[in-house]
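Enquirer: What follows is the file query-v6.csv, containing CSV, C-alpha atoms and all ligand atoms:
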chain,number,residue,atom,x,y,z
A,40,MET,CA,0.0,0.0,0.0
A,41,GLN,CA,1.3,3.5,-0.8
A,42,LYS,CA,0.6,6.3,1.5
A,43,ILE,CA,-1.0,9.4,-0.1
A,44,ASN,CA,-0.3,12.1,2.4
A,45,ASN,CA,2.8,12.4,4.5
A,46,ARG,CA,1.6,13.1,8.0
A,47,GLY,CA,1.8,10.2,10.4
A,48,ILE,CA,-1.1,8.5,12.2
A,49,LEU,CA,-1.4,9.0,15.9
A,50,THR,CA,-2.3,5.6,17.4
A,51,VAL,CA,-3.2,4.8,21.0
A,52,VAL,CA,-2.6,1.2,22.1
A,53,SER,CA,-4.1,0.1,25.4
A,54,GLY,CA,-4.5,-3.2,27.0
A,55,PHE,CA,-4.7,-4.8,30.4
A,56,ALA,CA,-1.6,-5.3,32.5
A,57,GLY,CA,-0.1,-8.6,31.3
A,58,SER,CA,-1.8,-8.5,27.8
A,59,GLY,CA,1.7,-8.5,26.3
A,60,LYS,CA,1.4,-5.0,24.7
A,61,GLY,CA,4.9,-4.1,25.7
A,62,THR,CA,6.3,-7.0,23.6
A,63,LEU,CA,3.9,-6.2,20.8
A,64,MET,CA,5.2,-2.6,20.6
A,65,LYS,CA,8.8,-3.9,20.6
A,66,LYS,CA,8.0,-6.3,17.7
A,67,LEU,CA,6.1,-3.6,15.8
A,68,LEU,CA,9.2,-1.3,15.9
A,69,GLU,CA,11.6,-4.1,15.1
A,70,ASN,CA,9.6,-5.6,12.2
A,71,TYR,CA,8.4,-2.4,10.4
A,72,ASP,CA,9.9,1.0,9.6
A,73,GLY,CA,8.1,4.3,10.0
A,74,TYR,CA,7.0,4.0,13.6
A,75,ALA,CA,7.9,6.1,16.6
A,76,LEU,CA,7.0,5.1,20.2
A,77,SER,CA,6.4,7.9,22.6
A,78,VAL,CA,8.2,7.4,25.9
A,79,SER,CA,6.0,8.3,28.9
A,80,ALA,CA,6.8,9.9,32.2
A,81,THR,CA,5.8,8.0,35.4
A,82,SER,CA,6.1,8.3,39.1
A,83,ARG,CA,6.3,4.5,39.6
A,84,SER,CA,9.7,3.0,40.5
A,85,PRO,CA,11.7,1.3,37.7
A,86,ARG,CA,11.4,-2.5,37.4
A,87,PRO,CA,14.6,-4.5,37.0
A,88,GLY,CA,15.9,-4.0,33.5
A,89,GLU,CA,14.0,-0.8,32.8
A,90,LYS,CA,16.0,2.1,31.5
A,91,GLU,CA,15.6,5.8,32.1
A,92,GLY,CA,14.5,7.5,28.9
A,93,VAL,CA,13.9,4.2,27.1
A,94,SER,CA,11.2,2.5,29.2
A,95,TYR,CA,10.0,5.7,30.9
A,96,PHE,CA,11.2,9.0,32.2
A,97,PHE,CA,11.1,8.2,35.9
A,98,LYS,CA,10.0,11.1,38.1
A,99,SER,CA,9.1,11.7,41.7
A,100,ARG,CA,5.5,12.6,42.4
A,101,SER,CA,6.5,16.2,43.0
A,102,GLU,CA,8.5,16.4,39.8
A,103,PHE,CA,5.5,14.9,37.9
A,104,GLU,CA,3.1,17.4,39.5
A,105,LYS,CA,5.5,20.3,38.4
A,106,MET,CA,5.3,19.0,34.8
A,107,ILE,CA,1.5,19.0,35.0
A,108,GLU,CA,1.6,22.6,36.2
A,109,ASP,CA,3.9,23.6,33.4
A,110,ASP,CA,1.5,22.1,30.9
A,111,GLY,CA,4.1,19.5,29.8
A,112,PHE,CA,1.7,16.7,29.0
A,113,LEU,CA,-0.6,15.8,26.2
A,114,GLU,CA,-2.5,13.7,28.7
A,115,HIS,CA,-1.9,12.2,32.1
A,116,ALA,CA,-3.7,9.8,34.4
A,117,GLU,CA,-3.3,7.9,37.7
A,118,TYR,CA,-3.1,4.1,37.5
A,119,VAL,CA,-2.9,1.9,40.5
A,120,GLY,CA,-1.4,4.7,42.7
A,121,ASN,CA,1.1,6.2,40.3
A,122,TYR,CA,1.1,9.0,37.7
A,123,TYR,CA,1.7,8.3,34.0
A,124,GLY,CA,1.8,11.0,31.3
A,125,THR,CA,2.7,11.6,27.6
A,126,PRO,CA,5.2,14.4,27.2
A,127,LYS,CA,4.0,16.9,24.6
A,128,ASP,CA,7.0,17.7,22.4
A,129,PHE,CA,7.9,14.4,20.8
A,130,VAL,CA,4.5,13.4,19.5
A,131,PHE,CA,3.8,16.3,17.1
A,132,SER,CA,7.4,16.6,15.8
A,133,LYS,CA,7.4,12.9,14.9
A,134,LEU,CA,3.9,13.1,13.3
A,135,ASP,CA,5.1,16.0,11.2
A,136,GLU,CA,8.1,14.1,10.1
A,137,GLY,CA,5.8,11.4,8.8
A,138,PHE,CA,6.2,8.8,11.5
A,139,ASP,CA,3.2,6.8,12.8
A,140,VAL,CA,3.4,7.6,16.5
A,141,ILE,CA,2.3,5.1,19.1
A,142,LEU,CA,1.1,6.0,22.6
A,143,GLU,CA,1.0,2.9,24.8
A,144,ILE,CA,-1.3,4.3,27.5
A,145,GLU,CA,-4.2,3.3,29.7
A,146,ILE,CA,-7.9,4.0,29.0
A,147,GLN,CA,-8.4,7.4,30.8
A,148,GLY,CA,-5.4,8.8,28.8
A,149,ALA,CA,-6.8,7.3,25.6
A,150,MET,CA,-10.1,9.0,26.1
A,151,GLN,CA,-8.4,12.4,26.8
A,152,ILE,CA,-6.4,12.0,23.5
A,153,LYS,CA,-9.5,11.0,21.5
A,154,GLU,CA,-11.4,14.0,22.7
A,155,ARG,CA,-8.6,16.5,21.9
A,156,PHE,CA,-7.6,14.7,18.6
A,157,PRO,CA,-10.6,13.0,17.2
A,158,ASP,CA,-8.8,11.3,14.3
A,159,THR,CA,-6.6,9.3,16.7
A,160,LEU,CA,-6.8,5.6,16.1
A,161,LEU,CA,-7.6,3.6,19.2
A,162,VAL,CA,-6.5,-0.1,19.4
A,163,PHE,CA,-7.1,-2.4,22.4
A,164,VAL,CA,-4.9,-5.4,22.9
A,165,MET,CA,-6.8,-8.4,24.4
A,166,PRO,CA,-5.3,-11.4,26.0
A,167,PRO,CA,-6.7,-14.8,24.8
A,168,GLY,CA,-8.4,-15.2,28.2
A,169,ALA,CA,-8.5,-13.8,31.7
A,170,GLU,CA,-6.7,-16.7,33.3
A,171,GLU,CA,-3.9,-16.2,30.8
A,172,LEU,CA,-3.7,-12.6,31.9
A,173,LYS,CA,-3.2,-13.5,35.6
A,174,SER,CA,-0.7,-16.2,34.9
A,175,ARG,CA,1.4,-13.8,32.8
A,176,LEU,CA,1.4,-11.2,35.6
A,177,VAL,CA,2.4,-13.7,38.2
A,178,GLY,CA,5.0,-15.3,35.8
A,179,ARG,CA,6.6,-11.9,35.2
A,180,GLY,CA,7.5,-11.9,38.9
A,181,THR,CA,8.0,-8.1,39.0
A,182,GLU,CA,5.0,-7.2,41.1
A,183,THR,CA,3.8,-8.2,44.6
A,184,PRO,CA,0.6,-10.2,45.0
A,185,GLU,CA,-1.1,-7.1,46.3
A,186,ILE,CA,-0.2,-5.1,43.2
A,187,ILE,CA,-1.2,-8.0,41.0
A,188,GLU,CA,-4.6,-8.1,42.7
A,189,LYS,CA,-5.0,-4.3,42.1
A,190,ARG,CA,-4.0,-4.6,38.5
A,191,MET,CA,-6.5,-7.4,37.9
A,192,LYS,CA,-9.3,-5.3,39.5
A,193,ARG,CA,-8.3,-2.5,37.3
A,194,ALA,CA,-8.5,-4.8,34.2
A,195,ALA,CA,-12.1,-5.7,35.1
A,196,ALA,CA,-12.9,-1.9,35.3
A,197,GLU,CA,-11.1,-1.1,32.1
A,198,SER,CA,-12.9,-3.9,30.3
A,199,GLU,CA,-16.1,-1.8,30.5
A,200,GLY,CA,-14.6,0.8,28.2
A,201,ILE,CA,-13.4,-1.5,25.3
A,202,GLU,CA,-16.3,-0.5,23.0
A,203,LYS,CA,-14.9,3.0,22.8
A,204,TYR,CA,-11.9,1.7,20.8
A,205,ASP,CA,-11.8,1.5,17.0
A,206,PHE,CA,-10.2,-2.0,16.9
A,207,ILE,CA,-9.3,-4.9,19.1
A,208,VAL,CA,-6.4,-7.3,18.5
A,209,VAL,CA,-6.0,-10.6,20.3
A,210,ASN,CA,-2.5,-11.3,21.5
A,211,ASP,CA,-2.5,-15.1,21.2
A,212,ASP,CA,0.3,-15.3,18.7
A,213,ILE,CA,2.7,-12.4,18.9
A,214,ASP,CA,3.8,-12.4,15.2
A,215,LYS,CA,0.2,-12.6,13.9
A,216,CYS,CA,-0.8,-9.9,16.3
A,217,THR,CA,2.1,-7.6,15.3
A,218,LYS,CA,1.2,-8.0,11.6
A,219,GLN,CA,-2.5,-7.2,12.3
A,220,LEU,CA,-1.7,-4.1,14.3
A,221,HIS,CA,0.6,-2.9,11.5
A,222,GLU,CA,-2.1,-3.5,8.9
A,223,ILE,CA,-4.7,-1.7,10.9
A,224,ILE,CA,-2.5,1.4,11.3
A,225,GLN,CA,-1.5,1.4,7.6
A,226,ALA,CA,-5.2,1.1,6.6
A,227,ALA,CA,-6.0,4.1,8.7
A,228,HIS,CA,-3.9,6.3,6.3
A,229,PHE,CA,-6.7,5.8,3.8
A,230,THR,CA,-9.6,7.1,5.9
A,231,PRO,CA,-11.0,10.4,4.7
A,232,SER,CA,-10.0,12.2,7.9
A,233,HIS,CA,-6.4,11.3,7.1
A,234,GLN,CA,-6.7,12.3,3.5
A,235,MET,CA,-8.1,15.8,3.8
A,236,GLU,CA,-5.3,17.5,1.9
A,237,PHE,CA,-5.8,15.2,-1.1
A,238,ILE,CA,-9.6,15.6,-0.9
A,239,GLN,CA,-9.4,19.4,-0.8
A,240,GLU,CA,-7.1,19.3,-3.8
A,241,ILE,CA,-9.5,17.2,-5.9
A,242,ARG,CA,-12.4,19.5,-4.8
A,243,LYS,CA,-10.4,22.6,-6.0
A,244,GLU,CA,-9.7,21.0,-9.3
A,245,LEU,CA,-13.3,19.9,-9.8
A,246,LYS,CA,-14.4,23.5,-9.1
A,247,LYS,CA,-12.0,24.7,-11.8
A,248,LEU,CA,-13.4,22.2,-14.3
A,249,GLU,CA,-17.0,23.1,-13.6
A,250,GLY,CA,-16.4,25.9,-16.0
B,301,LIG,P1,3.2,-0.2,33.7
B,301,LIG,O1,3.3,0.3,35.1
B,301,LIG,O2,2.8,-1.6,33.7
B,301,LIG,O3,4.4,0.1,32.9
B,301,LIG,O4,2.0,0.6,33.1
B,301,LIG,C1,0.7,0.7,33.7
B,301,LIG,C2,-0.3,1.3,32.8
B,301,LIG,O5,0.0,2.6,32.5
B,301,LIG,C3,-0.3,0.6,31.4
B,301,LIG,O6,-1.7,0.3,31.1
B,301,LIG,C4,0.3,1.5,30.5
B,301,LIG,O7,-0.2,1.4,29.2
B,301,LIG,C5,-0.1,2.9,31.1
B,301,LIG,N1,0.7,4.0,30.7
B,301,LIG,C6,2.0,4.0,30.4
B,301,LIG,N2,2.4,5.3,30.0
B,301,LIG,C7,1.3,6.1,30.1
B,301,LIG,C8,1.0,7.4,29.8
B,301,LIG,O8,1.9,8.2,29.4
B,301,LIG,N3,-0.3,7.9,30.0
B,301,LIG,C9,-1.3,7.1,30.5
B,301,LIG,N4,-2.5,7.6,30.6
B,301,LIG,N5,-1.1,5.7,30.7
B,301,LIG,C10,0.2,5.2,30.5
Could you render the structure as structure tokens?

Expert:
Amino acid sequence: MQKINNRGILTVVSGFAGSGKGTLMKKLLENYDGYALSVSATSRSPRPGEKEGVSYFFKSRSEFEKMIEDDGFLEHAEYVGNYYGTPKDFVFSKLDEGFDVILEIEIQGAMQIKERFPDTLLVFVMPPGAEELKSRLVGRGTETPEIIEKRMKRAAAESEGIEKYDFIVVNDDIDKCTKQLHEIIQAAHFTPSHQMEFIQEIRKELKKLEG
């Protein structure tokens, strides 16, 4: 498929904790060109292996609150006791450069983004089943049983909002799921709201030819 206009698509990817969306993002960027993943800020502590500026920008609660005051976020939300937010600058510069920008964020942030930027594509990543979700979270071994319980409760609450998304993908096979996500985003380039320049151009030409 050939893209007609050059501006990137803003895509929000959400999914329950343990749905494997982190791995999905990694694969999408490895397997295909043209994507840029926004790095969020958070007040939660780094997990083993997470890197500053790659996984997240790790902030104290007060540093995060200062960024909110300074209008530094496109959206922000609280999730299981911590702040998470999308820094403003990166997203628009990358979209203008033609990258399809991915925000991997939870549902409250997704709704804020959709309201401010209605042509954002919203994709929800589903696990094959709820049992699988819990065993992935336990298997990861990075959270206490108490936090796992809170995240499972949060998943049940978030599941009420899935209809607000444009697409769902089921992460039962990571390669298949990565390909599906890529195809959905590429197809979004051909919706009228992402082709307004081209449409206006044709309209202008038609007007001229009316005589
Ligand atoms: P985790 O602590 O597992 O890395 O992330 C917890 C949740 O916060 C996930 O659902 C993740 O998608 C979401 N999240 C990560 N960054 C942001 C962000 O910038 N804004 C919002 N609203 N949610 C985020």

Enquirer: Env of range 195-212 of chain A: 7 Å cut, atoms = all atoms listed in the file, seq-sep filter 5 positions within chain, self excluded. Answer as a PyMOL selection string.

Expert: chain A and resi 58-59+146+160-167

Enquirer: Pick the closest to Ser82 in chain A from A:Glu69, A:Glu249, A:Glu117, A:Glu143: which is it, counting all atoms listed in the file?

Expert: A:Glu117

Enquirer: Check which residues fall inside 10 Å of ligand LIG 301 (chain B) when counting all atoms listed in the file, and print them as a ChimeraX atom specification.

Expert: /A:51-58,60-61,77-86,89,94-96,112-126,142-152,176,181-182,190,193-194,197

Enquirer: Could you state the separation of CA of Ile48 in chain A and CA of Glu222 in chain A in Å, given to one decimal place?

Expert: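 Here the two named atoms are 12.5 Å from each other.
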
Enquirer: Please, what distance in Å, to one decimal, runs between CA of Phe237 in chain A and CA of Gly47 in chain A?

Expert: 14.7 Å

Enquirer: Quick one: residues within 7 Å of range 155-159 of chain A, only C-alpha atoms, excluding same-chain residues fewer than 4 positions away - as a PyMOL selection string?

Expert: chain A and resi 49-50+151+232

Enquirer: Could you check the closest approach to Met191 in chain A for each of A:Glu102, A:Arg179, A:Ser174, A:Asn45 and tell me which residue wins, using all atoms listed in the file?

Expert: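 Nearest to Met191 in chain A: A:Ser174.
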
Enquirer: Between CA of Ala169 in chain A and CA of Pro184 in chain A, measure the distance and give it in Å to one decimal.

Expert: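 That distance, rounded to one decimal, is 16.5 Å.
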
Enquirer: Would you mind telling me which residue in A:Ile186, A:Val93, A:Leu63, A:Ile213 lies nearest to Lys173 in chain A when using all atoms listed in the file?

Expert: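 Distance minimum relative to Lys173 in chain A lands on A:Ile186.
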
Enquirer: Restricting the calculation to all atoms listed in the file: of A:Thr217, A:Asp110, A:Tyr71, A:Leu76, which residue gets closest to Phe129 in chain A?

Expert: A:Leu76

Enquirer: Counting only C-alpha atoms, which residue out of A:Lys189, A:His228, A:Arg46, A:Lys218 sits closest to Lys133 in chain A?

Expert: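 Closest to Lys133 in chain A of all the choices is A:Arg46.
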
Enquirer: Restricting the calculation to only C-alpha atoms, which member of A:Val177, A:Leu245, A:Ala75, A:Ile107 is positioned closest to Val140 in chain A?

Expert: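 Answer, going by the shortest atom-to-atom distance: A:Ala75.
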
Enquirer: For range 211-222 of chain A, where the input has fewer atoms than it should, I would like all heavy atoms rebuilt and written as a PDB file, in the coordinates of the input.

Expert:
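What ended up in rebuild_6.pdb:
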ATOM      1  N   ASP A 211      -2.751 -13.699  20.943  1.00  0.00           N
ATOM      2  CA  ASP A 211      -2.500 -15.100  21.200  1.00  0.00           C
ATOM      3  C   ASP A 211      -1.271 -15.616  20.510  1.00  0.00           C
ATOM      4  O   ASP A 211      -0.606 -16.533  20.939  1.00  0.00           O
ATOM      5  CB  ASP A 211      -3.752 -15.974  20.839  1.00  0.00           C
ATOM      6  CG  ASP A 211      -4.257 -15.677  19.433  1.00  0.00           C
ATOM      7  OD1 ASP A 211      -3.701 -14.769  18.766  1.00  0.00           O
ATOM      8  OD2 ASP A 211      -5.211 -16.341  19.000  1.00  0.00           O
ATOM      9  N   ASP A 212      -0.940 -14.938  19.408  1.00  0.00           N
ATOM     10  CA  ASP A 212       0.300 -15.300  18.700  1.00  0.00           C
ATOM     11  C   ASP A 212       0.940 -13.955  18.331  1.00  0.00           C
ATOM     12  O   ASP A 212       0.382 -13.130  17.604  1.00  0.00           O
ATOM     13  CB  ASP A 212      -0.146 -16.047  17.393  1.00  0.00           C
ATOM     14  CG  ASP A 212       1.012 -16.312  16.444  1.00  0.00           C
ATOM     15  OD1 ASP A 212       1.901 -15.436  16.276  1.00  0.00           O
ATOM     16  OD2 ASP A 212       1.026 -17.387  15.848  1.00  0.00           O
ATOM     17  N   ILE A 213       2.114 -13.721  18.914  1.00  0.00           N
ATOM     18  CA  ILE A 213       2.700 -12.400  18.900  1.00  0.00           C
ATOM     19  C   ILE A 213       3.024 -11.925  17.424  1.00  0.00           C
ATOM     20  O   ILE A 213       2.794 -10.767  17.087  1.00  0.00           O
ATOM     21  CB  ILE A 213       3.964 -12.281  19.802  1.00  0.00           C
ATOM     22  CG1 ILE A 213       4.501 -10.854  19.887  1.00  0.00           C
ATOM     23  CG2 ILE A 213       5.061 -13.241  19.416  1.00  0.00           C
ATOM     24  CD1 ILE A 213       3.669  -9.919  20.681  1.00  0.00           C
ATOM     25  N   ASP A 214       3.482 -12.847  16.566  1.00  0.00           N
ATOM     26  CA  ASP A 214       3.800 -12.400  15.200  1.00  0.00           C
ATOM     27  C   ASP A 214       2.550 -12.064  14.409  1.00  0.00           C
ATOM     28  O   ASP A 214       2.524 -11.069  13.691  1.00  0.00           O
ATOM     29  CB  ASP A 214       4.596 -13.531  14.465  1.00  0.00           C
ATOM     30  CG  ASP A 214       6.002 -13.648  15.043  1.00  0.00           C
ATOM     31  OD1 ASP A 214       6.637 -12.591  15.252  1.00  0.00           O
ATOM     32  OD2 ASP A 214       6.443 -14.774  15.318  1.00  0.00           O
ATOM     33  N   LYS A 215       1.508 -12.882  14.596  1.00  0.00           N
ATOM     34  CA  LYS A 215       0.200 -12.600  13.900  1.00  0.00           C
ATOM     35  C   LYS A 215      -0.340 -11.270  14.393  1.00  0.00           C
ATOM     36  O   LYS A 215      -0.790 -10.437  13.610  1.00  0.00           O
ATOM     37  CB  LYS A 215      -0.751 -13.755  14.196  1.00  0.00           C
ATOM     38  CG  LYS A 215      -2.020 -13.686  13.371  1.00  0.00           C
ATOM     39  CD  LYS A 215      -3.059 -14.693  13.856  1.00  0.00           C
ATOM     40  CE  LYS A 215      -3.795 -14.145  15.061  1.00  0.00           C
ATOM     41  NZ  LYS A 215      -4.651 -15.060  15.775  1.00  0.00           N
ATOM     42  N   CYS A 216      -0.273 -11.068  15.694  1.00  0.00           N
ATOM     43  CA  CYS A 216      -0.800  -9.900  16.300  1.00  0.00           C
ATOM     44  C   CYS A 216      -0.081  -8.604  15.843  1.00  0.00           C
ATOM     45  O   CYS A 216      -0.682  -7.568  15.565  1.00  0.00           O
ATOM     46  CB  CYS A 216      -0.797 -10.032  17.817  1.00  0.00           C
ATOM     47  SG  CYS A 216      -1.730  -8.816  18.692  1.00  0.00           S
ATOM     48  N   THR A 217       1.246  -8.720  15.744  1.00  0.00           N
ATOM     49  CA  THR A 217       2.100  -7.600  15.300  1.00  0.00           C
ATOM     50  C   THR A 217       1.684  -7.206  13.867  1.00  0.00           C
ATOM     51  O   THR A 217       1.515  -6.022  13.543  1.00  0.00           O
ATOM     52  CB  THR A 217       3.574  -7.964  15.339  1.00  0.00           C
ATOM     53  OG1 THR A 217       3.886  -8.443  16.628  1.00  0.00           O
ATOM     54  CG2 THR A 217       4.456  -6.777  15.012  1.00  0.00           C
ATOM     55  N   LYS A 218       1.517  -8.222  13.022  1.00  0.00           N
ATOM     56  CA  LYS A 218       1.200  -8.000  11.600  1.00  0.00           C
ATOM     57  C   LYS A 218      -0.220  -7.316  11.525  1.00  0.00           C
ATOM     58  O   LYS A 218      -0.416  -6.366  10.761  1.00  0.00           O
ATOM     59  CB  LYS A 218       1.180  -9.322  10.863  1.00  0.00           C
ATOM     60  CG  LYS A 218       0.970  -9.214   9.378  1.00  0.00           C
ATOM     61  CD  LYS A 218       1.403 -10.510   8.680  1.00  0.00           C
ATOM     62  CE  LYS A 218       1.096 -10.471   7.194  1.00  0.00           C
ATOM     63  NZ  LYS A 218      -0.318 -10.747   6.896  1.00  0.00           N
ATOM     64  N   GLN A 219      -1.160  -7.817  12.339  1.00  0.00           N
ATOM     65  CA  GLN A 219      -2.500  -7.200  12.300  1.00  0.00           C
ATOM     66  C   GLN A 219      -2.485  -5.767  12.725  1.00  0.00           C
ATOM     67  O   GLN A 219      -3.110  -4.925  12.103  1.00  0.00           O
ATOM     68  CB  GLN A 219      -3.411  -7.977  13.320  1.00  0.00           C
ATOM     69  CG  GLN A 219      -4.111  -9.157  12.712  1.00  0.00           C
ATOM     70  CD  GLN A 219      -4.961  -9.890  13.750  1.00  0.00           C
ATOM     71  OE1 GLN A 219      -4.921  -9.599  14.948  1.00  0.00           O
ATOM     72  NE2 GLN A 219      -5.719 -10.850  13.275  1.00  0.00           N
ATOM     73  N   LEU A 220      -1.725  -5.476  13.789  1.00  0.00           N
ATOM     74  CA  LEU A 220      -1.700  -4.100  14.300  1.00  0.00           C
ATOM     75  C   LEU A 220      -1.068  -3.194  13.178  1.00  0.00           C
ATOM     76  O   LEU A 220      -1.591  -2.105  12.910  1.00  0.00           O
ATOM     77  CB  LEU A 220      -0.801  -4.036  15.546  1.00  0.00           C
ATOM     78  CG  LEU A 220      -0.606  -2.656  16.157  1.00  0.00           C
ATOM     79  CD1 LEU A 220      -1.939  -2.036  16.562  1.00  0.00           C
ATOM     80  CD2 LEU A 220       0.313  -2.738  17.380  1.00  0.00           C
ATOM     81  N   HIS A 221      -0.012  -3.661  12.539  1.00  0.00           N
ATOM     82  CA  HIS A 221       0.600  -2.900  11.500  1.00  0.00           C
ATOM     83  C   HIS A 221      -0.399  -2.638  10.330  1.00  0.00           C
ATOM     84  O   HIS A 221      -0.518  -1.509   9.838  1.00  0.00           O
ATOM     85  CB  HIS A 221       1.820  -3.688  10.927  1.00  0.00           C
ATOM     86  CG  HIS A 221       2.435  -3.127   9.691  1.00  0.00           C
ATOM     87  ND1 HIS A 221       3.072  -1.900   9.663  1.00  0.00           N
ATOM     88  CD2 HIS A 221       2.488  -3.613   8.424  1.00  0.00           C
ATOM     89  CE1 HIS A 221       3.496  -1.669   8.429  1.00  0.00           C
ATOM     90  NE2 HIS A 221       3.161  -2.680   7.661  1.00  0.00           N
ATOM     91  N   GLU A 222      -1.147  -3.675   9.952  1.00  0.00           N
ATOM     92  CA  GLU A 222      -2.100  -3.500   8.900  1.00  0.00           C
ATOM     93  C   GLU A 222      -3.231  -2.547   9.211  1.00  0.00           C
ATOM     94  O   GLU A 222      -3.661  -1.746   8.383  1.00  0.00           O
ATOM     95  CB  GLU A 222      -2.661  -4.882   8.442  1.00  0.00           C
ATOM     96  CG  GLU A 222      -1.615  -5.674   7.674  1.00  0.00           C
ATOM     97  CD  GLU A 222      -1.986  -7.132   7.411  1.00  0.00           C
ATOM     98  OE1 GLU A 222      -3.048  -7.580   7.896  1.00  0.00           O
ATOM     99  OE2 GLU A 222      -1.197  -7.807   6.736  1.00  0.00           O
TER     100      GLU A 222
END
